[in-house]
Amino acid sequence: DVAGTGGPTDATGLRRLAVDTLDANWEHDHTVPSRTLYPHQWSWDSAFIAIGLAQVRPDRAWRELTSLFRAQWADGRVPHIVFNPALRVGAYFPGPEMWRSADVPGAPTVATSGLVQPPVHALAALLAYRRAPDPTGLAALRRLYPAFVAQQRYLADRRDVAGDGLVCIVHPWESGLDNSPAWDEPMAAVPAEAAVMSAYRRHDTAHADAAHRPTDLDYARYLAIVAAYRDQGYSDRDLAAGHPFLVECPLFNAAFGAAEHALAEIAALVGADPGPHRARAARITEALLRRLHDRGAGTFQPRDLRTDRLVSARTVLGLTPLILPDLPTRQADALVVEARSARFGVARRMDRPLPTYDRTAPDFEPLRYWRGPSWLNIGWLVRRGLLAHGHPELAAGLRRSMIGLVAGAGCHEYFHPDTGVGLGSPAFSWTAALLLDLLA
Ligand code: 2M8
């Protein structure tokens, strides 16, 4: 199972590697995803990181989440990047000079982006608390609960562009799966020329192989969408009228629903009413089924709101609604069929890791970022879903495969979906953190 490039193969060695990776990436009050590629704080990274920190340094798990939510905007949005002011200009592109959050009323004093990422934070906090259910954790939950509620309220009130109960993402970066084939159709409609990028210096391609990253044309479009949103002051009013990218993503919305399930449990712990959270969770699952379930394909697909059509590329995003405990058996069973198919290859004994894209598709790219390679956060979510829907043997197979990846290659950002070779950053925080959780 192990790719065999000489990483530690026993649980103790793997744990030590993961803790060393997290320690090396700790920065005052948060963990950077990677010192080279992503030297600031990222939103959903911090949630995954907190899940792992809870295993070894629970105080840091709470500091991680607390520092992120200190940058929450007045409207409730949790920015996808919180910039470290101590870093030099150009440490990451696009930096504060592109986002200009300081110009926006309601943005925090620290510079941030204006986008969001999948809201996995309430779930992370609940798991961190369960791991270390002490008074410090309870006090942190009490402090964070209103912030999580505001985060959900922002998404429900400002981002329900179609009025169907689902959240709309306004940029591929909001999905967390930047250049997934899921965004090819909606992105094709975004006007931009690759030549635009000659005016900028990308930072990512200085630290990672350009052939493993999004293309210059992707980046030109990413920037065009940021500029459109920023120039409206990051206001979500009138998005439907002209914003170039409007998509309902299955993973984002599954996380949105899972957050309400987690908040119901947190509410009970902190003496608030779980009832409204349960009711909202049920409505989100119902909306996902109504709007994003592709019955013919047996999976969930993003909906492009500009065309009102479901995207056709079969990516791993479609499997992630399994994390919803109230997903009906029929649709959950169909997702398990999809997961076990040759497209994704989930099995009790997996001969290859879970890819991020249908490995039978002609445009499957085993090296390019979210267009094929295997990522631990996605495997972790799918494994959770398999456990929630009564498939412990498949979950165990996936877990073994994920541990094998790190044993073979180290805490890489992503892995070759055939050989398991490590790709991207070699010391990536959420890989280390989720490995700790898998080993617990
Ligand atoms: C990647 O995204 C950033 C932009 O947000 C980038 O490519 O520069 C994605 O993998 C995203 O999911 C992740 O949160 C971020 C930091 O690890 O990197």
# chains A, B, ... in the order shown; residues from 1 in each chain; ligands from 1
>>> residues_around(residues="stretch 283-299 of chain A", least_positions_apart="6", cutoff="9 Å", atoms="only C-alpha atoms", output="list in words")
Asp164, Gly165, Leu166, Glu248, Cys249, Pro250, Asn253, Ala254, Phe256, Gly257, Glu260, Leu310, Arg314, Gly318, Leu319, Pro321, Leu324, Asp326, Leu327, Gln331, Ala332, Asp333, Ala334, Leu335, Val337 and Glu338 of chain A
>>> residues_near_ligand(ligand="ligand 1", cutoff="6 Å", atoms="only C-alpha atoms and all ligand atoms", output="PyMOL selection string")
chain A and resi 33+38+42+44-45+173+176-178
>>> write_last_selection(atoms="C-alpha atoms", output="tab-separated table (two decimals), in the first residue's frame")
chain	number	residue	atom	x	y	z
A	33	PRO	CA	-0.90	25.80	5.57
A	38	TYR	CA	0.64	29.68	1.76
A	42	TRP	CA	-6.50	30.13	5.55
A	44	TRP	CA	-10.91	25.95	6.10
A	45	ASP	CA	-7.28	24.92	6.62
A	173	TRP	CA	-11.45	29.76	-4.54
A	176	GLY	CA	-11.45	25.16	-1.83
A	177	LEU	CA	-11.00	23.04	-5.00
A	178	ASP	CA	-9.72	25.93	-7.08
>>> residues_around(residues="stretch 393-395 of chain A", least_positions_apart="4", cutoff="12 Å", atoms="only C-alpha atoms", output="tab-separated table (two decimals) with N, CA and C atoms, in the first residue's frame")
chain	number	residue	atom	x	y	z
A	322	LEU	N	-22.36	12.93	1.59
A	322	LEU	CA	-22.40	11.80	2.53
A	322	LEU	C	-22.15	12.24	3.97
A	336	VAL	N	-22.53	5.75	-2.60
A	336	VAL	CA	-21.57	4.68	-2.29
A	336	VAL	C	-21.26	3.89	-3.58
A	337	VAL	N	-22.26	3.69	-4.40
A	337	VAL	CA	-22.02	3.03	-5.70
A	337	VAL	C	-21.04	3.87	-6.53
A	339	ALA	N	-18.86	6.03	-5.37
A	339	ALA	CA	-17.54	6.00	-4.71
A	339	ALA	C	-16.80	4.70	-5.05
A	340	ARG	N	-17.56	3.59	-5.15
A	340	ARG	CA	-16.92	2.29	-5.41
A	340	ARG	C	-16.64	2.06	-6.89
A	345	GLY	N	-12.95	4.40	-7.08
A	345	GLY	CA	-12.20	3.24	-6.57
A	345	GLY	C	-12.16	3.05	-5.06
A	346	VAL	N	-13.15	3.55	-4.34
A	346	VAL	CA	-13.17	3.30	-2.88
A	346	VAL	C	-13.45	1.81	-2.65
A	347	ALA	N	-12.66	1.17	-1.80
A	347	ALA	CA	-12.79	-0.27	-1.57
A	347	ALA	C	-12.24	-0.63	-0.20
A	348	ARG	N	-12.55	-1.85	0.23
A	348	ARG	CA	-11.99	-2.32	1.51
A	348	ARG	C	-10.49	-2.37	1.45
A	349	ARG	N	-9.99	-2.77	0.30
A	349	ARG	CA	-8.55	-2.73	0.07
A	349	ARG	C	-8.34	-1.89	-1.19
A	350	MET	N	-7.86	-0.70	-1.00
A	350	MET	CA	-7.73	0.20	-2.15
A	350	MET	C	-6.37	0.02	-2.79
A	354	LEU	N	-7.87	7.72	-3.33
A	354	LEU	CA	-9.09	8.38	-3.83
A	354	LEU	C	-8.70	9.61	-4.65
A	379	GLY	N	-10.50	12.97	1.40
A	379	GLY	CA	-10.61	11.58	1.87
A	379	GLY	C	-11.19	11.54	3.29
A	380	TRP	N	-10.76	12.48	4.10
A	380	TRP	CA	-11.24	12.53	5.50
A	380	TRP	C	-12.75	12.77	5.53
A	381	LEU	N	-13.23	13.68	4.69
A	381	LEU	CA	-14.67	13.97	4.65
A	381	LEU	C	-15.45	12.76	4.13
A	382	VAL	N	-14.94	12.14	3.05
A	382	VAL	CA	-15.66	11.00	2.48
A	382	VAL	C	-15.67	9.85	3.48
A	383	ARG	N	-14.56	9.65	4.17
A	383	ARG	CA	-14.52	8.58	5.18
A	383	ARG	C	-15.56	8.84	6.27
A	384	ARG	N	-15.65	10.08	6.70
A	384	ARG	CA	-16.65	10.44	7.72
A	384	ARG	C	-18.06	10.10	7.22
A	385	GLY	N	-18.30	10.40	5.95
A	385	GLY	CA	-19.60	10.12	5.36
A	385	GLY	C	-19.88	8.62	5.29
A	386	LEU	N	-18.85	7.84	4.95
A	386	LEU	CA	-19.04	6.39	4.88
A	386	LEU	C	-19.36	5.83	6.26
A	387	LEU	N	-18.72	6.36	7.29
A	387	LEU	CA	-19.01	5.92	8.66
A	387	LEU	C	-20.44	6.31	9.04
A	388	ALA	N	-20.84	7.54	8.66
A	388	ALA	CA	-22.18	8.02	9.03
A	388	ALA	C	-23.27	7.18	8.38
A	389	HIS	N	-22.97	6.59	7.23
A	389	HIS	CA	-24.00	5.85	6.50
A	389	HIS	C	-23.76	4.34	6.52
A	399	ARG	N	-9.24	4.87	5.04
A	399	ARG	CA	-8.31	5.32	6.09
A	399	ARG	C	-6.92	4.72	5.86
A	400	ARG	N	-6.88	3.42	5.61
A	400	ARG	CA	-5.58	2.77	5.38
A	400	ARG	C	-4.86	3.38	4.19
A	401	SER	N	-5.64	3.66	3.16
A	401	SER	CA	-5.04	4.24	1.96
A	401	SER	C	-4.45	5.63	2.26
A	402	MET	N	-5.17	6.42	3.05
A	402	MET	CA	-4.67	7.77	3.37
A	402	MET	C	-3.42	7.70	4.24
A	438	LEU	N	-6.77	10.60	12.02
A	438	LEU	CA	-6.96	9.23	11.53
A	438	LEU	C	-6.25	8.20	12.41
>>> closest_residue(among="A:Thr356, A:Ser374, A:Gln232, A:Gln55", to="A:Tyr414", atoms="only C-alpha atoms")
A:Ser374
>>> closest_residue(among="A:Arg306, A:Arg57, A:His212, A:Arg230", to="A:Gly372", atoms="only C-alpha atoms")
A:His212
>>> select_by_dssp(residues="stretch 31-90 of chain A", states="alpha helix (DSSP H)", output="PDB file with C-alpha atoms, in the first residue's frame")
ATOM      1  CA  SER A  43     -10.047  29.594   6.703  1.00  0.00           C
ATOM      2  CA  TRP A  44     -10.908  25.951   6.099  1.00  0.00           C
ATOM      3  CA  ASP A  45      -7.282  24.922   6.623  1.00  0.00           C
ATOM      4  CA  SER A  46      -7.567  26.270  10.177  1.00  0.00           C
ATOM      5  CA  ALA A  47     -10.635  24.116  10.797  1.00  0.00           C
ATOM      6  CA  PHE A  48      -8.914  20.911   9.625  1.00  0.00           C
ATOM      7  CA  ILE A  49      -5.783  21.909  11.520  1.00  0.00           C
ATOM      8  CA  ALA A  50      -7.770  22.436  14.738  1.00  0.00           C
ATOM      9  CA  ILE A  51      -9.148  18.887  14.426  1.00  0.00           C
ATOM     10  CA  GLY A  52      -5.595  17.541  14.452  1.00  0.00           C
ATOM     11  CA  LEU A  53      -4.248  19.956  17.046  1.00  0.00           C
ATOM     12  CA  ALA A  54      -6.989  18.796  19.409  1.00  0.00           C
ATOM     13  CA  GLN A  55      -5.202  15.434  19.504  1.00  0.00           C
ATOM     14  CA  VAL A  56      -1.891  16.826  20.660  1.00  0.00           C
ATOM     15  CA  PRO A  58      -5.757  21.303  22.512  1.00  0.00           C
ATOM     16  CA  ASP A  59      -4.919  24.866  23.617  1.00  0.00           C
ATOM     17  CA  ARG A  60      -3.597  25.566  20.127  1.00  0.00           C
ATOM     18  CA  ALA A  61      -6.737  24.117  18.535  1.00  0.00           C
ATOM     19  CA  TRP A  62      -8.783  26.817  20.297  1.00  0.00           C
ATOM     20  CA  ARG A  63      -6.245  29.537  19.510  1.00  0.00           C
ATOM     21  CA  GLU A  64      -6.334  28.504  15.853  1.00  0.00           C
ATOM     22  CA  LEU A  65     -10.105  28.943  15.610  1.00  0.00           C
ATOM     23  CA  THR A  66     -10.161  32.020  17.822  1.00  0.00           C
ATOM     24  CA  SER A  67      -7.575  33.883  15.746  1.00  0.00           C
ATOM     25  CA  LEU A  68      -9.482  33.103  12.547  1.00  0.00           C
ATOM     26  CA  PHE A  69     -12.782  34.349  13.930  1.00  0.00           C
ATOM     27  CA  ARG A  70     -11.125  37.514  15.207  1.00  0.00           C
TER      28      ARG A  70
END
>>> residues_around(residues="stretch 200-203 of chain A", least_positions_apart="4", cutoff="12 Å", atoms="only C-alpha atoms", output="list in words")
Thr36, Leu37, Tyr38, Pro39, Val89, Gly90, Ala91, Tyr92, Phe93, Pro94, Gly95, Met98, Ala194, Ala195, Val196, His207, Ala208, Asp209, Ala210, Arg213, Pro214, Thr215, Asp216, Asp218, Tyr219, Ala220 and Leu223 of chain A
>>> closest_atom_pairs(of="stretch 176-271 of chain A", to="stretch 77-84 of chain A", cutoff="12 Å", atoms="only C-alpha atoms", output="CSV")
residue,atom,partner,partner_atom,distance
A:Gly176,CA,A:His80,CA,9.3
A:Tyr234,CA,A:Arg77,CA,10.5
A:Ser235,CA,A:Arg77,CA,11.2
A:Asp236,CA,A:Arg77,CA,11.1
>>> atom_distance(atom1="atom CA of A:Ser425", atom2="atom CA of A:Ser101")
27.7 Å
>>> select_by_dssp(residues="stretch 40-267 of chain A", states="strand (DSSP E or B)", output="PyMOL selection string")
chain A and resi 41-42+81-82+112+169+247-248
>>> write_last_selection(atoms="C-alpha atoms", output="CSV table (one decimal), in the first residue's frame")
chain,number,residue,atom,x,y,z
A,41,GLN,CA,-3.9,31.9,7.7
A,42,TRP,CA,-6.5,30.1,5.5
A,81,ILE,CA,-7.3,34.4,4.0
A,82,VAL,CA,-6.2,36.4,7.0
A,112,THR,CA,-8.1,39.8,4.7
A,169,ILE,CA,-20.2,30.6,-4.2
A,247,VAL,CA,-22.4,28.4,-8.6
A,248,GLU,CA,-24.0,26.2,-6.0
>>> residues_around(residues="stretch 265-280 of chain A", least_positions_apart="4", cutoff="10 Å", atoms="only C-alpha atoms", output="ChimeraX atom specification")
/A:122-123,125-126,129,138-139,141-146,149,156,165,256-257,259-261,284-286
>>> write_last_selection(atoms="N, CA and C atoms", output="PDB file, in the first residue's frame")
ATOM      1  N   ALA A 122     -17.557  24.876  12.667  1.00  0.00           N
ATOM      2  CA  ALA A 122     -18.359  24.437  13.818  1.00  0.00           C
ATOM      3  C   ALA A 122     -18.144  22.948  14.039  1.00  0.00           C
ATOM      4  N   LEU A 123     -18.086  22.199  12.955  1.00  0.00           N
ATOM      5  CA  LEU A 123     -17.817  20.758  13.064  1.00  0.00           C
ATOM      6  C   LEU A 123     -16.442  20.537  13.703  1.00  0.00           C
ATOM      7  N   ALA A 125     -14.832  22.513  15.708  1.00  0.00           N
ATOM      8  CA  ALA A 125     -14.876  22.881  17.131  1.00  0.00           C
ATOM      9  C   ALA A 125     -15.548  21.780  17.945  1.00  0.00           C
ATOM     10  N   LEU A 126     -16.611  21.217  17.402  1.00  0.00           N
ATOM     11  CA  LEU A 126     -17.307  20.141  18.116  1.00  0.00           C
ATOM     12  C   LEU A 126     -16.374  18.939  18.295  1.00  0.00           C
ATOM     13  N   TYR A 129     -13.714  19.694  20.842  1.00  0.00           N
ATOM     14  CA  TYR A 129     -14.249  19.625  22.204  1.00  0.00           C
ATOM     15  C   TYR A 129     -14.435  18.180  22.649  1.00  0.00           C
ATOM     16  N   LEU A 138     -14.936  24.113  26.862  1.00  0.00           N
ATOM     17  CA  LEU A 138     -16.329  24.563  26.966  1.00  0.00           C
ATOM     18  C   LEU A 138     -16.397  26.095  26.885  1.00  0.00           C
ATOM     19  N   ALA A 139     -15.442  26.752  27.546  1.00  0.00           N
ATOM     20  CA  ALA A 139     -15.413  28.223  27.502  1.00  0.00           C
ATOM     21  C   ALA A 139     -15.173  28.684  26.060  1.00  0.00           C
ATOM     22  N   LEU A 141     -15.963  27.046  23.314  1.00  0.00           N
ATOM     23  CA  LEU A 141     -17.204  26.794  22.561  1.00  0.00           C
ATOM     24  C   LEU A 141     -18.220  27.902  22.806  1.00  0.00           C
ATOM     25  N   ARG A 142     -18.325  28.306  24.074  1.00  0.00           N
ATOM     26  CA  ARG A 142     -19.261  29.392  24.418  1.00  0.00           C
ATOM     27  C   ARG A 142     -18.920  30.681  23.679  1.00  0.00           C
ATOM     28  N   ARG A 143     -17.623  30.983  23.594  1.00  0.00           N
ATOM     29  CA  ARG A 143     -17.185  32.207  22.909  1.00  0.00           C
ATOM     30  C   ARG A 143     -17.405  32.108  21.406  1.00  0.00           C
ATOM     31  N   LEU A 144     -17.147  30.915  20.863  1.00  0.00           N
ATOM     32  CA  LEU A 144     -17.192  30.768  19.401  1.00  0.00           C
ATOM     33  C   LEU A 144     -18.614  30.577  18.870  1.00  0.00           C
ATOM     34  N   TYR A 145     -19.499  30.058  19.705  1.00  0.00           N
ATOM     35  CA  TYR A 145     -20.851  29.724  19.225  1.00  0.00           C
ATOM     36  C   TYR A 145     -21.533  30.901  18.496  1.00  0.00           C
ATOM     37  N   PRO A 146     -21.572  32.120  19.099  1.00  0.00           N
ATOM     38  CA  PRO A 146     -22.226  33.222  18.369  1.00  0.00           C
ATOM     39  C   PRO A 146     -21.530  33.564  17.047  1.00  0.00           C
ATOM     40  N   VAL A 149     -22.699  31.086  14.527  1.00  0.00           N
ATOM     41  CA  VAL A 149     -24.078  31.407  14.144  1.00  0.00           C
ATOM     42  C   VAL A 149     -24.078  32.565  13.137  1.00  0.00           C
ATOM     43  N   ALA A 156     -26.578  32.178   4.784  1.00  0.00           N
ATOM     44  CA  ALA A 156     -28.007  31.958   4.524  1.00  0.00           C
ATOM     45  C   ALA A 156     -28.678  33.224   4.003  1.00  0.00           C
ATOM     46  N   GLY A 165     -32.498  28.238  -0.748  1.00  0.00           N
ATOM     47  CA  GLY A 165     -32.040  27.651   0.509  1.00  0.00           C
ATOM     48  C   GLY A 165     -30.604  27.157   0.464  1.00  0.00           C
ATOM     49  N   PHE A 256     -22.215  23.414   4.852  1.00  0.00           N
ATOM     50  CA  PHE A 256     -23.203  24.363   5.406  1.00  0.00           C
ATOM     51  C   PHE A 256     -24.248  23.600   6.239  1.00  0.00           C
ATOM     52  N   GLY A 257     -24.711  22.471   5.726  1.00  0.00           N
ATOM     53  CA  GLY A 257     -25.681  21.648   6.460  1.00  0.00           C
ATOM     54  C   GLY A 257     -25.041  20.959   7.658  1.00  0.00           C
ATOM     55  N   ALA A 259     -22.657  21.985   9.338  1.00  0.00           N
ATOM     56  CA  ALA A 259     -22.427  23.007  10.378  1.00  0.00           C
ATOM     57  C   ALA A 259     -23.663  23.161  11.255  1.00  0.00           C
ATOM     58  N   GLU A 260     -24.852  23.105  10.653  1.00  0.00           N
ATOM     59  CA  GLU A 260     -26.067  23.225  11.477  1.00  0.00           C
ATOM     60  C   GLU A 260     -26.228  22.003  12.383  1.00  0.00           C
ATOM     61  N   HIS A 261     -25.886  20.822  11.870  1.00  0.00           N
ATOM     62  CA  HIS A 261     -25.929  19.630  12.734  1.00  0.00           C
ATOM     63  C   HIS A 261     -24.963  19.802  13.912  1.00  0.00           C
ATOM     64  N   ILE A 284     -31.626  22.374   4.655  1.00  0.00           N
ATOM     65  CA  ILE A 284     -30.467  22.386   3.743  1.00  0.00           C
ATOM     66  C   ILE A 284     -30.356  21.036   3.005  1.00  0.00           C
ATOM     67  N   THR A 285     -30.520  19.954   3.748  1.00  0.00           N
ATOM     68  CA  THR A 285     -30.459  18.630   3.098  1.00  0.00           C
ATOM     69  C   THR A 285     -31.549  18.522   2.035  1.00  0.00           C
ATOM     70  N   GLU A 286     -32.714  19.008   2.378  1.00  0.00           N
ATOM     71  CA  GLU A 286     -33.843  18.951   1.433  1.00  0.00           C
ATOM     72  C   GLU A 286     -33.524  19.781   0.176  1.00  0.00           C
TER      73      GLU A 286
END
>>> closest_residue(among="A:Arg371, A:His416, A:Arg100, A:Arg159", to="A:Asp231", atoms="only C-alpha atoms")
A:Arg100
>>> decode(residues="stretch 11-48 of chain A", atoms="C-alpha atoms", output="compact mmCIF listing (two decimals), in the first residue's frame")
# COMPACT_ATOMS: atom_id res chain seq x y z
CA ALA A 11 2.16 4.94 13.96
CA THR A 12 4.64 6.49 16.42
CA GLY A 13 6.92 7.73 13.64
CA LEU A 14 3.98 9.05 11.64
CA ARG A 15 2.60 10.87 14.67
CA ARG A 16 5.95 12.46 15.32
CA LEU A 17 6.25 13.59 11.71
CA ALA A 18 2.76 15.13 11.87
CA VAL A 19 3.40 16.95 15.16
CA ASP A 20 6.77 18.25 13.89
CA THR A 21 5.07 19.51 10.72
CA LEU A 22 2.37 21.33 12.69
CA ASP A 23 4.90 22.77 15.15
CA ALA A 24 7.08 24.05 12.31
CA ASN A 25 4.05 25.73 10.70
CA TRP A 26 2.78 27.34 13.94
CA GLU A 27 2.95 31.15 13.82
CA HIS A 28 2.06 33.00 17.09
CA ASP A 29 -1.68 32.27 17.11
CA HIS A 30 -2.34 30.21 13.98
CA THR A 31 -0.85 27.60 11.69
CA VAL A 32 0.17 28.44 8.13
CA PRO A 33 -0.90 25.80 5.57
CA SER A 34 2.67 25.85 4.19
CA ARG A 35 5.62 28.14 4.92
CA THR A 36 6.41 28.56 1.23
CA LEU A 37 3.17 28.38 -0.76
CA TYR A 38 0.64 29.68 1.76
CA PRO A 39 2.36 31.72 4.49
CA HIS A 40 -0.82 33.38 5.88
CA GLN A 41 -3.87 31.93 7.65
CA TRP A 42 -6.50 30.13 5.55
CA SER A 43 -10.05 29.59 6.70
CA TRP A 44 -10.91 25.95 6.10
CA ASP A 45 -7.28 24.92 6.62
CA SER A 46 -7.57 26.27 10.18
CA ALA A 47 -10.64 24.12 10.80
CA PHE A 48 -8.91 20.91 9.63
